[in-house]
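Undergrad: Input structure35.cif, format and content: mmCIF, C-alpha atoms.
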```cif
data_work
#
loop_
_atom_site.group_PDB
_atom_site.id
_atom_site.type_symbol
_atom_site.label_atom_id
_atom_site.label_comp_id
_atom_site.auth_asym_id
_atom_site.auth_seq_id
_atom_site.Cartn_x
_atom_site.Cartn_y
_atom_site.Cartn_z
ATOM 1 C CA MET E 5 0.000 0.000 0.000
ATOM 2 C CA THR E 6 2.842 2.386 0.861
ATOM 3 C CA ASP E 7 4.526 1.730 -2.484
ATOM 4 C CA LEU E 8 1.255 2.372 -4.322
ATOM 5 C CA VAL E 9 0.711 5.674 -2.493
ATOM 6 C CA SER E 10 4.310 6.715 -3.146
ATOM 7 C CA ALA E 11 4.045 5.933 -6.854
ATOM 8 C CA THR E 12 0.771 7.814 -7.126
ATOM 9 C CA PHE E 13 2.255 10.783 -5.281
ATOM 10 C CA VAL E 14 5.269 10.983 -7.610
ATOM 11 C CA THR E 15 3.027 10.695 -10.666
ATOM 12 C CA VAL E 16 0.799 13.550 -9.496
ATOM 13 C CA PHE E 17 3.874 15.596 -8.617
ATOM 14 C CA LEU E 18 5.326 15.193 -12.125
ATOM 15 C CA VAL E 19 1.981 16.057 -13.713
ATOM 16 C CA THR E 20 1.916 19.263 -11.664
ATOM 17 C CA VAL E 21 5.453 20.183 -12.707
ATOM 18 C CA LEU E 22 4.593 19.823 -16.396
ATOM 19 C CA ALA E 23 1.296 21.665 -16.021
ATOM 20 C CA GLN E 24 3.019 24.615 -14.372
ATOM 21 C CA ALA E 25 5.998 24.638 -16.739
ATOM 22 C CA MET E 26 4.216 24.553 -20.117
ATOM 23 C CA PRO E 27 2.622 28.042 -19.943
ATOM 24 C CA LEU E 28 6.036 29.440 -19.051
ATOM 25 C CA ILE E 29 7.720 27.517 -21.874
ATOM 26 C CA LEU E 30 5.280 28.979 -24.393
ATOM 27 C CA ALA E 31 5.546 32.520 -23.042
ATOM 28 C CA ALA E 32 9.349 32.394 -22.891
ATOM 29 C CA THR E 33 9.430 31.030 -26.454
ATOM 30 C CA GLY E 34 7.434 34.029 -27.636
ATOM 31 C CA GLU E 35 9.675 36.406 -25.724
ATOM 32 C CA THR E 36 12.757 34.685 -27.154
ATOM 33 C CA ILE E 37 11.545 35.338 -30.703
ATOM 34 C CA GLY E 38 10.945 38.993 -29.923
ATOM 35 C CA GLU E 39 14.217 39.552 -28.093
ATOM 36 C CA GLN E 40 16.256 37.821 -30.769
ATOM 37 C CA ALA E 41 14.800 40.383 -33.203
ATOM 38 C CA GLY E 42 15.631 43.268 -30.856
ATOM 39 C CA VAL E 43 12.161 43.830 -29.378
ATOM 40 C CA LEU E 44 11.856 43.767 -25.585
ATOM 41 C CA ASN E 45 8.225 43.086 -24.686
ATOM 42 C CA LEU E 46 7.684 44.068 -21.064
ATOM 43 C CA GLY E 47 3.957 43.806 -21.737
ATOM 44 C CA ILE E 48 4.129 40.025 -21.763
ATOM 45 C CA GLU E 49 2.238 39.799 -18.456
ATOM 46 C CA GLY E 50 -0.714 41.698 -19.904
ATOM 47 C CA VAL E 51 -0.562 39.757 -23.162
ATOM 48 C CA MET E 52 -0.686 36.467 -21.246
ATOM 49 C CA LEU E 53 -3.720 37.658 -19.302
ATOM 50 C CA ILE E 54 -5.566 38.642 -22.466
ATOM 51 C CA GLY E 55 -4.668 35.291 -24.035
ATOM 52 C CA ALA E 56 -5.832 33.491 -20.891
ATOM 53 C CA TYR E 57 -9.153 35.325 -20.764
ATOM 54 C CA SER E 58 -9.784 34.901 -24.502
ATOM 55 C CA GLY E 59 -9.021 31.188 -24.321
ATOM 56 C CA PHE E 60 -11.150 30.732 -21.222
ATOM 57 C CA VAL E 61 -14.194 32.449 -22.734
ATOM 58 C CA ALA E 62 -13.901 30.612 -26.067
ATOM 59 C CA THR E 63 -13.604 27.232 -24.341
ATOM 60 C CA LEU E 64 -16.450 27.996 -21.965
ATOM 61 C CA VAL E 65 -18.771 29.077 -24.795
ATOM 62 C CA THR E 66 -17.894 26.410 -27.367
ATOM 63 C CA GLY E 67 -16.747 23.534 -25.174
ATOM 64 C CA ASN E 68 -13.832 23.063 -27.583
ATOM 65 C CA PHE E 69 -10.343 23.249 -26.061
ATOM 66 C CA TRP E 70 -8.664 23.694 -29.442
ATOM 67 C CA LEU E 71 -10.821 26.726 -30.224
ATOM 68 C CA GLY E 72 -9.868 28.039 -26.794
ATOM 69 C CA MET E 73 -6.166 27.773 -27.624
ATOM 70 C CA LEU E 74 -6.767 29.431 -30.994
ATOM 71 C CA ALA E 75 -8.645 32.269 -29.298
ATOM 72 C CA GLY E 76 -5.741 32.676 -26.878
ATOM 73 C CA ALA E 77 -3.295 33.002 -29.770
ATOM 74 C CA VAL E 78 -5.517 35.561 -31.504
ATOM 75 C CA GLY E 79 -5.923 37.477 -28.250
ATOM 76 C CA GLY E 80 -2.142 37.543 -27.832
ATOM 77 C CA VAL E 81 -1.658 38.956 -31.324
ATOM 78 C CA VAL E 82 -4.327 41.632 -30.773
ATOM 79 C CA ALA E 83 -2.734 42.592 -27.453
ATOM 80 C CA ASN E 84 0.641 42.904 -29.179
ATOM 81 C CA LEU E 85 -0.665 45.337 -31.820
ATOM 82 C CA ALA E 86 0.306 48.199 -29.516
ATOM 83 C CA MET E 87 3.884 46.900 -29.461
ATOM 84 C CA LEU E 88 3.833 46.440 -33.223
ATOM 85 C CA ILE E 89 2.536 49.896 -34.092
ATOM 86 C CA LEU E 90 4.044 52.058 -31.371
ATOM 87 C CA ASN E 91 7.384 50.302 -30.900
ATOM 88 C CA VAL E 92 8.315 48.728 -34.227
ATOM 89 C CA TRP E 93 6.623 51.070 -36.680
ATOM 90 C CA LEU E 94 6.831 54.382 -34.804
ATOM 91 C CA GLY E 95 9.979 53.707 -32.771
ATOM 92 C CA LEU E 96 8.574 54.760 -29.380
ATOM 93 C CA ASN E 97 10.071 53.591 -26.103
ATOM 94 C CA GLN E 98 9.663 49.834 -25.737
ATOM 95 C CA ILE E 99 9.781 49.837 -21.936
ATOM 96 C CA VAL E 100 7.041 52.448 -21.501
ATOM 97 C CA ILE E 101 4.686 50.843 -24.018
ATOM 98 C CA GLY E 102 5.352 47.379 -22.616
ATOM 99 C CA LEU E 103 4.447 48.423 -19.083
ATOM 100 C CA ALA E 104 1.327 50.131 -20.421
ATOM 101 C CA VAL E 105 0.264 46.897 -22.153
ATOM 102 C CA THR E 106 0.703 45.032 -18.866
ATOM 103 C CA LEU E 107 -1.456 47.503 -16.966
ATOM 104 C CA VAL E 108 -4.157 47.473 -19.656
ATOM 105 C CA GLY E 109 -4.183 43.671 -19.785
ATOM 106 C CA GLU E 110 -4.474 43.376 -16.014
ATOM 107 C CA GLY E 111 -7.257 45.940 -15.738
ATOM 108 C CA LEU E 112 -9.240 44.878 -18.808
ATOM 109 C CA THR E 113 -9.328 41.151 -18.045
ATOM 110 C CA SER E 114 -10.170 41.742 -14.378
ATOM 111 C CA VAL E 115 -13.099 44.022 -15.225
ATOM 112 C CA LEU E 116 -14.458 41.694 -17.921
ATOM 113 C CA TYR E 117 -14.241 38.646 -15.671
ATOM 114 C CA LEU E 118 -15.845 40.359 -12.672
ATOM 115 C CA GLN E 119 -18.593 41.711 -14.909
ATOM 116 C CA ASN E 120 -19.429 38.458 -16.675
ATOM 117 C CA TYR E 121 -18.303 35.405 -14.699
ATOM 118 C CA ALA E 122 -17.548 36.289 -11.075
ATOM 119 C CA LYS E 123 -20.998 35.199 -9.820
ATOM 120 C CA THR E 124 -21.026 31.773 -11.476
ATOM 121 C CA THR E 125 -18.956 28.600 -11.214
ATOM 122 C CA THR E 126 -16.769 28.483 -14.306
ATOM 123 C CA GLY E 127 -14.718 25.288 -14.299
ATOM 124 C CA LEU E 128 -13.751 24.004 -17.747
ATOM 125 C CA GLY E 129 -12.903 20.393 -17.020
ATOM 126 C CA LYS E 130 -10.015 18.607 -18.698
ATOM 127 C CA PRO E 131 -9.451 17.555 -22.313
ATOM 128 C CA PRO E 132 -8.981 13.817 -22.975
ATOM 129 C CA ALA E 133 -5.453 12.511 -22.520
ATOM 130 C CA LEU E 134 -3.451 10.909 -25.309
ATOM 131 C CA ALA E 135 -1.694 7.758 -24.107
ATOM 132 C CA ILE E 136 1.444 7.006 -26.118
ATOM 133 C CA PRO E 137 1.566 3.205 -26.629
ATOM 134 C CA GLY E 138 4.336 1.523 -24.672
ATOM 135 C CA LEU E 139 5.747 4.665 -23.083
ATOM 136 C CA SER E 140 2.576 5.411 -21.143
ATOM 137 C CA GLU E 141 2.883 2.004 -19.438
ATOM 138 C CA ILE E 142 6.211 2.853 -17.790
ATOM 139 C CA PRO E 143 5.666 2.831 -14.011
ATOM 140 C CA VAL E 144 5.327 6.266 -12.344
ATOM 141 C CA ILE E 145 6.831 8.290 -15.202
ATOM 142 C CA GLY E 146 4.606 6.887 -17.949
ATOM 143 C CA PRO E 147 1.229 8.052 -16.597
ATOM 144 C CA ALA E 148 2.686 11.475 -15.718
ATOM 145 C CA VAL E 149 4.622 12.302 -18.872
ATOM 146 C CA PHE E 150 3.188 10.169 -21.657
ATOM 147 C CA ARG E 151 -0.536 10.541 -20.910
ATOM 148 C CA GLN E 152 -0.827 14.235 -21.587
ATOM 149 C CA SER E 153 -3.457 15.906 -23.749
ATOM 150 C CA GLU E 154 -2.934 16.321 -27.483
ATOM 151 C CA ILE E 155 -2.641 20.047 -26.885
ATOM 152 C CA PHE E 156 0.419 19.492 -24.687
ATOM 153 C CA TRP E 157 2.245 17.557 -27.397
ATOM 154 C CA ILE E 158 1.323 19.994 -30.174
ATOM 155 C CA MET E 159 2.520 22.940 -28.078
ATOM 156 C CA LEU E 160 5.784 21.142 -27.321
ATOM 157 C CA LEU E 161 6.288 20.401 -31.024
ATOM 158 C CA LEU E 162 5.653 24.073 -31.854
ATOM 159 C CA VAL E 163 8.335 25.130 -29.376
ATOM 160 C CA ILE E 164 10.848 22.649 -30.794
ATOM 161 C CA ALA E 165 10.000 23.726 -34.354
ATOM 162 C CA MET E 166 10.517 27.372 -33.438
ATOM 163 C CA GLY E 167 13.885 26.538 -31.920
ATOM 164 C CA PHE E 168 14.866 24.879 -35.214
ATOM 165 C CA LEU E 169 13.627 27.829 -37.276
ATOM 166 C CA LEU E 170 15.557 30.338 -35.175
ATOM 167 C CA THR E 171 18.861 28.505 -35.413
ATOM 168 C CA ARG E 172 18.776 26.594 -38.705
ATOM 169 C CA THR E 173 16.968 28.713 -41.287
ATOM 170 C CA ASN E 174 17.497 31.942 -43.209
ATOM 171 C CA TRP E 175 14.474 33.418 -41.460
ATOM 172 C CA GLY E 176 16.093 32.710 -38.109
ATOM 173 C CA LEU E 177 19.339 34.268 -39.307
ATOM 174 C CA SER E 178 17.468 37.419 -40.345
ATOM 175 C CA THR E 179 15.631 37.514 -37.020
ATOM 176 C CA ARG E 180 18.844 37.271 -35.041
ATOM 177 C CA ALA E 181 20.517 39.851 -37.286
ATOM 178 C CA ALA E 182 17.695 42.291 -36.499
ATOM 179 C CA GLY E 183 18.642 42.022 -32.831
ATOM 180 C CA GLN E 184 22.399 41.702 -33.211
ATOM 181 C CA LYS E 185 23.165 44.305 -35.876
ATOM 182 C CA PRO E 186 20.121 45.592 -37.748
ATOM 183 C CA SER E 187 22.215 47.796 -40.026
ATOM 184 C CA SER E 188 23.897 44.669 -41.424
ATOM 185 C CA LEU E 189 20.509 43.112 -42.160
ATOM 186 C CA ASP E 190 19.489 46.339 -43.882
ATOM 187 C CA ALA E 191 22.693 46.445 -45.922
ATOM 188 C CA ALA E 192 22.194 42.832 -47.017
ATOM 189 C CA GLY E 193 18.819 43.698 -48.511
ATOM 190 C CA GLY E 194 16.635 42.536 -45.638
ATOM 191 C CA SER E 195 13.926 44.583 -43.964
ATOM 192 C CA VAL E 196 14.415 45.267 -40.267
ATOM 193 C CA MET E 197 10.846 46.567 -40.012
ATOM 194 C CA LYS E 198 9.353 43.446 -41.616
ATOM 195 C CA THR E 199 11.532 41.083 -39.594
ATOM 196 C CA ARG E 200 10.706 42.733 -36.286
ATOM 197 C CA SER E 201 7.016 42.902 -37.195
ATOM 198 C CA GLN E 202 6.964 39.159 -37.817
ATOM 199 C CA ALA E 203 8.757 38.582 -34.512
ATOM 200 C CA VAL E 204 6.236 40.678 -32.580
ATOM 201 C CA ILE E 205 3.309 38.816 -34.158
ATOM 202 C CA LEU E 206 4.862 35.438 -33.331
ATOM 203 C CA ASN E 207 5.616 36.753 -29.863
ATOM 204 C CA GLY E 208 1.913 37.473 -29.437
ATOM 205 C CA VAL E 209 0.941 34.028 -30.730
ATOM 206 C CA PHE E 210 3.155 32.109 -28.305
ATOM 207 C CA VAL E 211 2.541 34.358 -25.305
ATOM 208 C CA GLY E 212 -1.213 34.168 -25.960
ATOM 209 C CA LEU E 213 -0.954 30.386 -26.205
ATOM 210 C CA GLY E 214 0.881 30.363 -22.885
ATOM 211 C CA GLY E 215 -1.900 32.351 -21.243
ATOM 212 C CA ALA E 216 -4.588 30.151 -22.787
ATOM 213 C CA TYR E 217 -2.783 26.977 -21.681
ATOM 214 C CA LEU E 218 -2.568 28.348 -18.141
ATOM 215 C CA ALA E 219 -6.319 29.006 -17.991
ATOM 216 C CA ILE E 220 -7.576 26.031 -19.995
ATOM 217 C CA LEU E 221 -5.297 23.154 -19.002
ATOM 218 C CA THR E 222 -3.258 24.146 -15.941
ATOM 219 C CA THR E 223 -6.038 25.670 -13.823
ATOM 220 C CA SER E 224 -9.194 24.875 -15.872
ATOM 221 C CA THR E 225 -10.578 28.323 -15.057
ATOM 222 C CA PHE E 226 -9.774 32.028 -15.115
ATOM 223 C CA THR E 227 -9.309 34.398 -12.209
ATOM 224 C CA PRO E 228 -8.092 38.011 -12.208
ATOM 225 C CA MET E 229 -4.280 38.216 -12.220
ATOM 226 C CA ILE E 230 -4.080 34.475 -12.864
ATOM 227 C CA THR E 231 -0.551 34.821 -14.259
ATOM 228 C CA ASN E 232 0.796 36.065 -10.895
ATOM 229 C CA GLY E 233 4.007 37.459 -12.381
ATOM 230 C CA LEU E 234 4.560 34.581 -14.793
ATOM 231 C CA GLY E 235 5.186 36.988 -17.679
ATOM 232 C CA PHE E 236 8.049 38.708 -15.890
ATOM 233 C CA ILE E 237 9.545 35.330 -14.993
ATOM 234 C CA ALA E 238 9.385 34.454 -18.699
ATOM 235 C CA ILE E 239 11.460 37.555 -19.465
ATOM 236 C CA VAL E 240 14.108 36.459 -16.953
ATOM 237 C CA ILE E 241 14.174 32.935 -18.351
ATOM 238 C CA THR E 242 14.510 34.289 -21.877
ATOM 239 C CA MET E 243 17.528 36.384 -20.971
ATOM 240 C CA LEU E 244 19.165 33.474 -19.158
ATOM 241 C CA SER E 245 18.495 31.041 -22.015
ATOM 242 C CA ARG E 246 20.471 33.045 -24.613
ATOM 243 C CA GLY E 247 18.070 32.230 -27.434
ATOM 244 C CA ARG E 248 18.286 28.454 -26.951
ATOM 245 C CA MET E 249 14.952 26.637 -26.670
ATOM 246 C CA SER E 250 16.527 23.732 -24.812
ATOM 247 C CA LEU E 251 17.497 26.085 -21.986
ATOM 248 C CA VAL E 252 14.044 27.688 -22.084
ATOM 249 C CA ILE E 253 12.500 24.266 -21.474
ATOM 250 C CA ILE E 254 14.966 23.296 -18.737
ATOM 251 C CA THR E 255 14.649 26.556 -16.778
ATOM 252 C CA SER E 256 10.857 26.475 -17.116
ATOM 253 C CA LEU E 257 10.820 22.961 -15.688
ATOM 254 C CA ILE E 258 12.859 24.219 -12.728
ATOM 255 C CA TYR E 259 10.150 26.819 -12.132
ATOM 256 C CA GLY E 260 7.474 24.124 -12.388
ATOM 257 C CA LEU E 261 9.403 22.045 -9.867
ATOM 258 C CA ALA E 262 9.536 24.997 -7.473
ATOM 259 C CA VAL E 263 5.770 25.525 -7.778
ATOM 260 C CA ALA E 264 4.956 21.856 -7.220
ATOM 261 C CA ILE E 265 7.323 21.180 -4.341
ATOM 262 C CA GLY E 266 5.515 23.348 -1.774
ATOM 263 C CA PRO E 267 2.167 21.497 -1.878
ATOM 264 C CA ALA E 268 4.102 18.217 -2.108
ATOM 265 C CA LEU E 269 5.860 18.954 1.181
ATOM 266 C CA GLN E 270 2.509 19.632 2.827
ATOM 267 C CA VAL E 271 1.100 16.344 1.539
ATOM 268 C CA ILE E 272 4.110 14.447 2.896
ATOM 269 C CA GLY E 273 3.493 15.983 6.316
ATOM 270 C CA PHE E 274 5.840 18.954 6.577
ATOM 271 C CA ASN E 275 4.280 22.019 8.150
ATOM 272 C CA VAL E 276 5.124 24.565 5.461
ATOM 273 C CA PRO E 277 3.632 28.089 5.743
ATOM 274 C CA ALA E 278 1.395 29.062 2.840
ATOM 275 C CA ASP E 279 3.364 32.271 2.313
ATOM 276 C CA PHE E 280 6.547 30.270 1.859
ATOM 277 C CA ILE E 281 4.866 28.109 -0.779
ATOM 278 C CA LYS E 282 3.790 31.205 -2.724
ATOM 279 C CA MET E 283 7.227 32.758 -2.374
ATOM 280 C CA LEU E 284 9.336 29.697 -3.265
ATOM 281 C CA PRO E 285 9.093 29.891 -7.113
ATOM 282 C CA PHE E 286 10.189 33.526 -7.092
ATOM 283 C CA VAL E 287 13.062 32.772 -4.722
ATOM 284 C CA VAL E 288 14.240 29.998 -7.034
ATOM 285 C CA VAL E 289 14.092 32.361 -10.016
ATOM 286 C CA MET E 290 16.053 35.040 -8.127
ATOM 287 C CA ILE E 291 18.735 32.541 -7.095
ATOM 288 C CA THR E 292 18.986 31.265 -10.664
ATOM 289 C CA LEU E 293 19.313 34.829 -11.920
ATOM 290 C CA ILE E 294 22.059 35.600 -9.412
ATOM 291 C CA VAL E 295 24.015 32.450 -10.242
ATOM 292 C CA PHE E 296 23.756 32.670 -14.025
ATOM 293 C CA ALA E 297 23.370 36.417 -14.634
ATOM 294 C CA ARG E 298 27.002 36.832 -15.691
ATOM 295 C CA SER E 299 26.600 34.221 -18.419
ATOM 296 C CA SER E 300 23.373 35.697 -19.802
ATOM 297 C CA VAL E 301 23.644 37.330 -23.220
ATOM 298 C CA VAL E 302 21.109 39.683 -24.778
ATOM 299 C CA PRO E 303 21.149 41.005 -28.357
ATOM 300 C CA PRO E 304 23.085 44.301 -28.594
ATOM 301 C CA ALA E 305 20.172 46.078 -30.311
ATOM 302 C CA LEU E 306 17.569 44.868 -27.815
ATOM 303 C CA GLY E 307 15.133 47.642 -26.961
ATOM 304 C CA ALA E 308 16.612 50.072 -29.477
ATOM 305 C CA ALA E 309 14.472 51.460 -32.289
ATOM 306 C CA TYR E 310 16.046 51.212 -35.729
ATOM 307 C CA THR E 311 16.042 54.083 -38.181
ATOM 308 C CA ARG E 312 17.380 53.304 -41.620
ATOM 309 C CA GLY E 313 20.566 55.232 -42.359
ATOM 310 C CA ALA E 314 21.004 56.459 -38.780
ATOM 311 C CA ARG E 315 24.385 56.039 -37.135
#
```
So that I can check it, write out the structure of this file as structure tokens.
TA:
Amino acid sequence: MTDLVSATFVTVFLVTVLAQAMPLILAATGETIGEQAGVLNLGIEGVMLIGAYSGFVATLVTGNFWLGMLAGAVGGVVANLAMLILNVWLGLNQIVIGLAVTLVGEGLTSVLYLQNYAKTTTGLGKPPALAIPGLSEIPVIGPAVFRQSEIFWIMLLLVIAMGFLLTRTNWGLSTRAAGQKPSSLDAAGGSVMKTRSQAVILNGVFVGLGGAYLAILTTSTFTPMITNGLGFIAIVITMLSRGRMSLVIITSLIYGLAVAIGPALQVIGFNVPADFIKMLPFVVVMITLIVFARSSVVPPALGAAYTRGAR
């Protein structure tokens, strides 16, 4: 009986780690695309919230989780239009506009939720799991890792594909040139404006997907400020990962581990204060930042508007 309980506990723990890590993986992927092109999106917290609310409403109305994820992506792109127009096209300050997007996203989603859904129970349930033959039968790890929803696997494949595109294709080379030395991209016949515009749109898609995943699959509901600083953590992870998706995934899993370990300690029997549990993920992120900050590398043109012909 003890072995059965222990195995079940570890399985649930691993499921929680993955559920908490995936929204961060998606958001950090979107931020990686933007930063590699030279666009610092400090509005990622607000964009995630808009993606989460859009995905929640679409899933609640239609009962279709895929439409919910699509709505989250669309919501992320719409939320990023301010970054696209004001930052990329008009060259205004990226930090100011980004913070404004965060504030708008927080306020707008909170008001809409309180107006429309605060008085009713709004659980979404869970999508059916996809059991991978053979692998899903592995004790402990199999049920946790290889019995995820189809959405989980598609999102993971999208992240891996984006990592390949950024590092192995001409489009990725142009994107990184826009953040490293935009004048060289311009001189080679590329368009810095077009490249950064594409990066901001993709940023919105992935960040919106991260918000939608958080609401639809991780929590199965939406509450005001559901992201709880997750967008800012994604920015830190992006800077530490140096444009490498493998590091984005690893550092996001560390965050998921930090989130899951607090409740796990309580289940085991340790008397852990609730405030410590809430604080632990942020402490882990701060320690990681302190340890690896010197090795972090950001594109030289990050946050700087580009004007053709300017020196």
Undergrad: With the cut-off set at 12 Å and counting all atoms listed in the file, tabulate each residue of segment 187-240 of chain E with an atom at most that distance from an atom of segment 265-288 of chain E, showing the nearest atom pair and its distance in Å to one decimal, ordered by chain and increasing number, as JSON lines.
TA:
```
{"residue": "E:Asn232", "atom": "CA", "partner": "E:Lys282", "partner_atom": "CA", "distance": 10.0}
{"residue": "E:Gly233", "atom": "CA", "partner": "E:Phe286", "partner_atom": "CA", "distance": 9.0}
{"residue": "E:Leu234", "atom": "CA", "partner": "E:Phe286", "partner_atom": "CA", "distance": 9.6}
{"residue": "E:Phe236", "atom": "CA", "partner": "E:Phe286", "partner_atom": "CA", "distance": 10.4}
{"residue": "E:Ile237", "atom": "CA", "partner": "E:Phe286", "partner_atom": "CA", "distance": 8.1}
{"residue": "E:Ala238", "atom": "CA", "partner": "E:Phe286", "partner_atom": "CA", "distance": 11.7}
{"residue": "E:Val240", "atom": "CA", "partner": "E:Phe286", "partner_atom": "CA", "distance": 11.0}
```
Undergrad: Please write as a ChimeraX atom specification the full residue list that the PyMOL selection byres ((chain E and resi 65-79) around 12) yields on this file.
TA: /E:27,30-31,34,50-64,80-85,109,113,121,126-132,153-156,158-159,205-221,224-225
Undergrad: Which residue out of E:Met249, E:Leu261, E:Asp190, E:Ile48 has the minimum interatomic distance to Phe168 of chain E when all atoms listed in the file are used?
TA: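 Nearest candidate to Phe168 of chain E out of E:Met249, E:Leu261, E:Asp190, E:Ile48: E:Met249.
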Undergrad: Quick check, in Å to one decimal: how far apart do atom CA of Val144 of chain E and atom CA of Val263 of chain E lie?
TA: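 These atoms are spaced 19.8 Å apart.
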Undergrad: Which value, in Å to one decimal, gives the distance between atom CA of Thr231 of chain E and atom CA of Ile101 of chain E?
TA: 19.5 Å
Undergrad: Report, in Å with one decimal, the straight-line distance from atom CA of Ile253 of chain E to atom CA of Val163 of chain E.
TA: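 Here the two named atoms are 9.0 Å from each other.
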Undergrad: Looking at all atoms listed in the file, which of E:Thr242, E:Ser250, E:Gln202, E:Thr106 is the one that sits closest to Thr171 of chain E?
TA: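 The closest residue to Thr171 of chain E is E:Ser250.
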Undergrad: Which residue is closest to Ser256 of chain E? Choose from E:Asn91, E:Thr179, E:Thr124, E:Thr33 and count all atoms listed in the file.
TA: E:Thr33
